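Inspection log for the structure reproduced underneath, given as structure tokens.
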Amino acid sequence: MAACYQKFDPAAYLQYNYTPPRADFARKDSIVPWKLACLHRAFTEGDVSGELLVDIGSGPTLYQVMSGCEVFNKLILTDFLEVNRQELRCWLQNEGGCSLDWTPYLEHVCKLEGKRPSAWKEKAGRLRHVISDILPVDVHCSQPLAPETLPLAGADCLVSCFCLESVSPDLPAFTRALGHIGKLLRPGGHLLLIGALGESYYFGGPGVRIPVVPLNEAQVCDSLKESGYTLIRLEVYTLPQDMQVGVDDVTGVFFAKAKKE
Ligand SMILES: C[S@@+](CC[C@H](N)C(=O)[O-])C[C@H]1O[C@@H](n2cnc3c(N)ncnc32)[C@H](O)[C@@H]1O
Ligand SMILES: O=S(=O)(c1ccc2c(c1)CN[C@@H](CF)C2)N1CCSCC1
């Protein structure tokens, strides 16, 4: 699986998935407002708390931690590829030249929080303040992060989006990876997992076709239970027909909130 990621192109990936038509904030049935609303609710409904949030397989994206950065004082971003870690560092350093302007996402999350959209600059500042590390990760390792990266007790919360199914050759590998990242989480800690349903491939750049293990809702629920989580909520978004733009064959997206037993 690692070989097919050697040509992953962060800028192309962002353009395929995080710009219109897929990322259209004006469109009522767009996926991005749905995803951001799921994350906002999950982080702010009162049961998620602590010091440390870890994002597993961040890629070159930041949307997934824009709500969580208000709840946690320390945030670790992780990815397998240096090109993605470099893209995240570019945003963190705030010196321009990054592949995507995250302002519309920051503005939308501010609105979800009851703030003026113009508060996006303060939110960007908060996010840059709490990001403490951008580290390598491999979810196929029984210890996905370097030893001593996390406190002995583990992280208080994990978030992971479109990673595990995109790097696992089959369902057993997906379930094992869930177990591996679960070891990074303290007992009683929460996992917020976003992923693709029914997807068998995606393009990580021009001509960079990456296999994905196709999942359905029942398999996601079974894998969470098998790897030591209690499911709190599963929400599903079904892809509008015109969202099939040729960059993958995703049919829907799931959002799972779960707790480590
Ligand atoms: C589809 S992207 C998801 C990116 C981002 N989280 C998002 O929501 O769009 C999958 C990510 O998994 C990373 N990856 C590849 N192999 C991995 C591995 N063995 N362990 C962890 N992450 C891996 C890739 O570098 C890529 O950034
Ligand atoms: O923006 S998404 O949430 C999105 C976002 C990222 C990805 C996918 C989908 C599907 N392929 C994944 C490969 F891992 C990456 N979205 C999913 C529903 S339809 C519009 C696009």
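Chain identifiers are assigned as A, B, and so on, following the order in which chains appear in the structure tokens; residues are numbered from 1 within each chain, and ligands are numbered from 1 in order of appearance.
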Set out as a tab-separated table a contact list for stretch 66-92 of chain A and stretch 148-166 of chain A with a cut-off of 12 Å, giving each residue of stretch 66-92 of chain A that qualifies its closest atom pair and distance in Å to one decimal, counting only C-alpha atoms, ordered by chain and rising residue number.
```
residue	atom	partner	partner_atom	distance
A:Met66	CA	A:Val159	CA	11.4
A:Ser67	CA	A:Val159	CA	11.2
A:Gly68	CA	A:Val159	CA	9.1
A:Cys69	CA	A:Cys157	CA	11.5
A:Val71	CA	A:Cys157	CA	10.4
A:Phe72	CA	A:Asp156	CA	8.9
A:Asn73	CA	A:Asp156	CA	11.1
A:Lys74	CA	A:Ala155	CA	9.9
A:Leu75	CA	A:Ala155	CA	9.6
A:Ile76	CA	A:Leu150	CA	9.4
A:Leu77	CA	A:Val159	CA	9.7
A:Thr78	CA	A:Ser160	CA	9.8
A:Asp79	CA	A:Cys163	CA	9.4
A:Phe80	CA	A:Cys163	CA	10.2
```
Mind writing the picked residues with N, CA and C atoms as a tab-separated table (two decimals), in the first residue's frame?
```
chain	number	residue	atom	x	y	z
A	66	MET	N	-10.84	22.06	13.24
A	66	MET	CA	-11.22	23.46	13.43
A	66	MET	C	-12.22	23.65	14.57
A	67	SER	N	-13.01	22.62	14.87
A	67	SER	CA	-13.86	22.68	16.06
A	67	SER	C	-13.10	22.20	17.30
A	68	GLY	N	-12.32	21.12	17.12
A	68	GLY	CA	-11.61	20.53	18.25
A	68	GLY	C	-10.59	21.45	18.88
A	69	CYS	N	-10.08	22.40	18.08
A	69	CYS	CA	-9.02	23.28	18.62
A	69	CYS	C	-9.55	24.20	19.70
A	71	VAL	N	-11.57	23.07	22.06
A	71	VAL	CA	-11.86	22.20	23.21
A	71	VAL	C	-10.57	21.70	23.85
A	72	PHE	N	-9.53	21.53	23.04
A	72	PHE	CA	-8.26	20.96	23.53
A	72	PHE	C	-7.15	22.01	23.48
A	73	ASN	N	-6.23	21.91	24.45
A	73	ASN	CA	-5.11	22.88	24.49
A	73	ASN	C	-3.89	22.40	23.75
A	74	LYS	N	-3.91	21.09	23.38
A	74	LYS	CA	-2.75	20.56	22.65
A	74	LYS	C	-3.28	19.67	21.53
A	75	LEU	N	-2.74	19.87	20.33
A	75	LEU	CA	-3.19	19.15	19.14
A	75	LEU	C	-1.97	18.64	18.38
A	76	ILE	N	-1.99	17.33	18.08
A	76	ILE	CA	-0.91	16.74	17.27
A	76	ILE	C	-1.51	16.31	15.93
A	77	LEU	N	-0.95	16.82	14.84
A	77	LEU	CA	-1.32	16.38	13.50
A	77	LEU	C	-0.33	15.32	13.05
A	78	THR	N	-0.80	14.34	12.27
A	78	THR	CA	0.09	13.25	11.86
A	78	THR	C	-0.18	12.87	10.40
A	79	ASP	N	0.85	12.46	9.71
A	79	ASP	CA	0.65	11.83	8.41
A	79	ASP	C	1.86	10.97	8.04
A	80	PHE	N	1.58	10.03	7.12
A	80	PHE	CA	2.60	9.06	6.68
A	80	PHE	C	3.62	9.72	5.76
```
Long-range neighbours of stretch 88-95 of chain A as a list in words, 10 Å cut-off, only C-alpha atoms, 4 positions minimum in chain: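 Near stretch 88-95 of chain A, the qualifying residues are Ser58, Gly59, Pro60, Thr61, Leu62, Leu77, Thr78, Asp79, Glu82, Val83, Asn84, Ser99, Leu100, Asp101, Trp102, Ala124, Gly125, Leu127, Arg128, His129, Ile131, Asp133 and Ile134 of chain A.
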Take the residues from that selection and put them in a file with C-alpha atoms, as a compact mmCIF listing (two decimals), in the first residue's frame.
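The resulting file, selection05.txt, is reproduced below:
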```txt
# COMPACT_ATOMS: atom_id res chain seq x y z
CA SER A 58 -4.21 14.37 8.62
CA GLY A 59 -3.05 14.52 5.03
CA PRO A 60 -2.83 18.15 3.87
CA THR A 61 -6.15 19.11 5.49
CA LEU A 62 -7.16 21.10 8.55
CA LEU A 77 -1.32 16.38 13.50
CA THR A 78 0.09 13.25 11.86
CA ASP A 79 0.65 11.83 8.41
CA GLU A 82 6.49 14.19 4.37
CA VAL A 83 4.80 16.07 1.49
CA ASN A 84 1.62 16.26 3.57
CA SER A 99 -2.00 24.85 -1.61
CA LEU A 100 -5.43 25.79 -0.24
CA ASP A 101 -6.99 28.83 1.44
CA TRP A 102 -8.83 27.44 4.48
CA ALA A 124 -6.80 30.47 12.80
CA GLY A 125 -4.68 31.95 15.58
CA LEU A 127 -5.50 26.59 15.82
CA ARG A 128 -1.90 27.63 15.21
CA HIS A 129 -1.47 28.09 18.98
CA ILE A 131 -0.85 22.62 17.21
CA ASP A 133 3.56 18.74 16.63
CA ILE A 134 3.24 17.46 13.06
```
Which of stretch 13-256 of chain A DSSP labels alpha helix (DSSP H), written as a ChimeraX atom specification: /A:13-18,31-44,82-93,103-112,120-130,164-167,171-182,217-226
Contacts with ligand 2 at most 9 Å, only C-alpha atoms and all ligand atoms counted, listed as a PyMOL selection string: chain A and resi 13-14+16-19+21-23+30-32+34-35+161-167+194-197+199+201-204+210-212+237-245+247-253
Residues from the last selection, C-alpha atoms, saved as an mmCIF file, in the first residue's frame:
```cif
data_model
loop_
_atom_site.group_PDB
_atom_site.id
_atom_site.type_symbol
_atom_site.label_atom_id
_atom_site.label_comp_id
_atom_site.auth_asym_id
_atom_site.auth_seq_id
_atom_site.Cartn_x
_atom_site.Cartn_y
_atom_site.Cartn_z
ATOM 1 C CA TYR A 13 -5.882 16.034 -3.689
ATOM 2 C CA LEU A 14 -7.044 19.279 -2.111
ATOM 3 C CA TYR A 16 -10.239 17.343 -6.148
ATOM 4 C CA ASN A 17 -12.007 17.205 -2.785
ATOM 5 C CA TYR A 18 -11.857 20.559 -1.016
ATOM 6 C CA THR A 19 -12.766 23.065 -3.717
ATOM 7 C CA PRO A 21 -18.147 21.501 -6.705
ATOM 8 C CA ARG A 22 -17.468 19.190 -3.771
ATOM 9 C CA ALA A 23 -16.704 21.975 -1.329
ATOM 10 C CA SER A 30 -22.970 19.924 0.061
ATOM 11 C CA ILE A 31 -20.835 17.437 1.980
ATOM 12 C CA VAL A 32 -18.536 19.962 3.563
ATOM 13 C CA TRP A 34 -22.453 18.342 6.742
ATOM 14 C CA LYS A 35 -18.983 17.140 7.778
ATOM 15 C CA CYS A 161 -10.802 11.211 8.373
ATOM 16 C CA PHE A 162 -10.663 9.134 5.176
ATOM 17 C CA CYS A 163 -7.458 7.470 6.337
ATOM 18 C CA LEU A 164 -7.929 3.895 7.525
ATOM 19 C CA GLU A 165 -10.010 2.653 4.599
ATOM 20 C CA SER A 166 -7.689 4.463 2.160
ATOM 21 C CA VAL A 167 -4.587 2.692 3.365
ATOM 22 C CA ILE A 194 -15.026 10.033 9.209
ATOM 23 C CA GLY A 195 -14.716 7.755 6.206
ATOM 24 C CA ALA A 196 -15.850 6.715 2.766
ATOM 25 C CA LEU A 197 -18.625 4.212 2.102
ATOM 26 C CA GLU A 199 -15.340 3.437 -2.249
ATOM 27 C CA TYR A 201 -10.398 3.742 -5.361
ATOM 28 C CA TYR A 202 -9.547 7.415 -5.426
ATOM 29 C CA PHE A 203 -7.070 9.601 -7.289
ATOM 30 C CA GLY A 204 -4.363 11.080 -5.060
ATOM 31 C CA ILE A 210 -5.089 4.511 -4.931
ATOM 32 C CA PRO A 211 -7.088 1.424 -3.887
ATOM 33 C CA VAL A 212 -9.575 1.731 -1.023
ATOM 34 C CA TYR A 237 -24.254 11.257 4.060
ATOM 35 C CA THR A 238 -25.354 9.922 0.673
ATOM 36 C CA LEU A 239 -23.504 11.319 -2.292
ATOM 37 C CA PRO A 240 -25.602 13.400 -4.712
ATOM 38 C CA GLN A 241 -25.214 12.061 -8.256
ATOM 39 C CA ASP A 242 -23.471 15.214 -9.517
ATOM 40 C CA MET A 243 -20.824 14.845 -6.820
ATOM 41 C CA GLN A 244 -19.384 11.897 -8.722
ATOM 42 C CA VAL A 245 -16.684 13.923 -10.443
ATOM 43 C CA VAL A 247 -11.786 11.469 -8.649
ATOM 44 C CA ASP A 248 -13.148 8.413 -6.806
ATOM 45 C CA ASP A 249 -16.176 6.110 -6.675
ATOM 46 C CA VAL A 250 -17.343 7.058 -3.175
ATOM 47 C CA THR A 251 -21.075 6.497 -2.667
ATOM 48 C CA GLY A 252 -21.391 8.066 0.770
ATOM 49 C CA VAL A 253 -19.599 9.232 3.875
#
```
Residue contacts of A:Val213 (6 Å, only C-alpha atoms) excluding same-chain residues fewer than 2 positions away, as a list in words: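 Neighbouring residues, sequence-local ones excluded: Glu165, Pro169, Asp170 and Ser200 of chain A.
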Atom CA of A:Val208 to atom CA of A:Val137, straight-line distance in Å: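 One can read the atom CA of A:Val137 to atom CA of A:Val208 distance as 21.2 Å.
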May I have the residues within 7 Å of stretch 103-110 of chain A as a CSV table (one decimal) with all heavy atoms, in the first residue's frame, using only C-alpha atoms and disregarding those fewer than 4 positions away in the same chain?
```
chain,number,residue,atom,x,y,z
A,36,LEU,N,-18.6,19.4,8.6
A,36,LEU,CA,-18.2,20.3,9.7
A,36,LEU,C,-19.2,20.4,10.8
A,36,LEU,O,-18.9,20.5,12.0
A,36,LEU,CB,-18.0,21.7,9.0
A,36,LEU,CG,-16.9,21.8,8.0
A,36,LEU,CD1,-16.8,23.2,7.4
A,36,LEU,CD2,-15.5,21.5,8.6
A,63,TYR,N,-9.6,21.0,8.1
A,63,TYR,CA,-11.0,21.2,8.5
A,63,TYR,C,-11.4,20.4,9.7
A,63,TYR,O,-12.2,20.7,10.5
A,63,TYR,CB,-11.9,20.8,7.3
A,63,TYR,CG,-11.9,19.4,7.0
A,63,TYR,CD1,-12.9,18.5,7.6
A,63,TYR,CD2,-11.0,18.8,6.2
A,63,TYR,CE1,-12.9,17.2,7.3
A,63,TYR,CE2,-10.9,17.4,5.9
A,63,TYR,CZ,-11.9,16.6,6.5
A,63,TYR,OH,-11.9,15.3,6.2
A,66,MET,N,-10.8,22.1,13.2
A,66,MET,CA,-11.2,23.5,13.4
A,66,MET,C,-12.2,23.6,14.6
A,66,MET,O,-12.3,24.7,15.2
A,66,MET,CB,-11.8,24.0,12.1
A,66,MET,CG,-10.7,24.2,11.1
A,66,MET,SD,-11.4,24.9,9.5
A,66,MET,CE,-9.9,24.9,8.5
A,67,SER,N,-13.0,22.6,14.9
A,67,SER,CA,-13.9,22.7,16.1
A,67,SER,C,-13.1,22.2,17.3
A,67,SER,O,-13.2,22.8,18.4
A,67,SER,CB,-15.1,21.8,15.9
A,67,SER,OG,-16.0,22.4,14.9
A,114,GLY,N,-21.5,30.3,16.5
A,114,GLY,CA,-22.3,31.5,16.9
A,114,GLY,C,-21.5,32.7,16.8
A,114,GLY,O,-21.8,33.8,17.4
A,115,LYS,N,-20.3,32.6,16.1
A,115,LYS,CA,-19.4,33.8,16.0
A,115,LYS,C,-19.6,34.5,14.7
A,115,LYS,O,-20.2,33.9,13.7
A,115,LYS,CB,-17.9,33.4,16.2
A,115,LYS,CG,-17.6,32.7,17.5
A,115,LYS,CD,-16.2,32.1,17.4
A,115,LYS,CE,-15.8,31.3,18.6
A,115,LYS,NZ,-14.6,30.5,18.4
A,116,ARG,N,-19.1,35.7,14.5
A,116,ARG,CA,-19.2,36.3,13.2
A,116,ARG,C,-18.2,35.6,12.3
A,116,ARG,O,-17.1,35.2,12.7
A,116,ARG,CB,-18.7,37.8,13.3
A,116,ARG,CG,-19.5,38.7,14.3
A,116,ARG,CD,-18.9,40.1,14.4
A,116,ARG,NE,-17.4,40.1,14.3
A,116,ARG,CZ,-16.6,39.8,15.3
A,116,ARG,NH1,-17.0,39.4,16.4
A,116,ARG,NH2,-15.3,39.9,15.1
A,117,PRO,N,-18.5,35.5,11.0
A,117,PRO,CA,-17.5,34.9,10.1
A,117,PRO,C,-16.1,35.5,10.1
A,117,PRO,O,-15.1,34.9,10.0
A,117,PRO,CB,-18.2,35.0,8.7
A,117,PRO,CG,-19.6,35.1,9.0
A,117,PRO,CD,-19.8,35.8,10.3
A,118,SER,N,-16.2,36.9,10.4
A,118,SER,CA,-14.9,37.6,10.5
A,118,SER,C,-14.0,37.2,11.6
A,118,SER,O,-12.8,37.6,11.7
A,118,SER,CB,-15.1,39.1,10.5
A,118,SER,OG,-15.9,39.4,11.7
A,119,ALA,N,-14.5,36.4,12.5
A,119,ALA,CA,-13.7,35.9,13.7
A,119,ALA,C,-12.8,34.7,13.2
A,119,ALA,O,-12.1,34.1,14.0
A,119,ALA,CB,-14.7,35.3,14.7
A,120,TRP,N,-12.8,34.5,11.9
A,120,TRP,CA,-11.9,33.4,11.4
A,120,TRP,C,-10.5,33.6,11.7
A,120,TRP,O,-9.7,32.6,11.9
A,120,TRP,CB,-12.2,33.2,9.9
A,120,TRP,CG,-11.6,34.2,9.0
A,120,TRP,CD1,-12.2,35.3,8.5
A,120,TRP,CD2,-10.3,34.3,8.5
A,120,TRP,NE1,-11.4,36.1,7.8
A,120,TRP,CE2,-10.2,35.5,7.7
A,120,TRP,CE3,-9.1,33.5,8.5
A,120,TRP,CZ2,-9.0,35.9,7.0
A,120,TRP,CZ3,-8.0,33.8,7.9
A,120,TRP,CH2,-7.9,35.0,7.1
A,123,LYS,N,-9.8,32.3,15.1
A,123,LYS,CA,-9.8,30.9,15.1
A,123,LYS,C,-8.5,30.3,14.5
A,123,LYS,O,-7.9,29.4,15.0
A,123,LYS,CB,-11.0,30.3,14.3
A,123,LYS,CG,-11.1,28.8,14.3
A,123,LYS,CD,-12.4,28.3,13.7
A,123,LYS,CE,-13.4,28.3,14.8
A,123,LYS,NZ,-13.2,27.3,15.9
```
Polymer residues at most 9 Å from A:Pro144, only C-alpha atoms, same-chain spacing of 6 or more positions, as a PyMOL selection string: chain A and resi 136-138+177+180-181+183-184
Test item, strand (DSSP E) assignment across stretch 98-195 of chain A, answer as a list of chain:residue names: A:Ile131, A:Ser132, A:Asp133, A:Ile134, A:Leu135, A:Pro136, A:Ala155, A:Asp156, A:Cys157, A:Leu158, A:Val159, A:Ser160, A:Cys161, A:Leu185, A:Arg186, A:Pro187, A:Gly188, A:Gly189, A:His190, A:Leu191, A:Leu192, A:Leu193, A:Ile194, A:Gly195
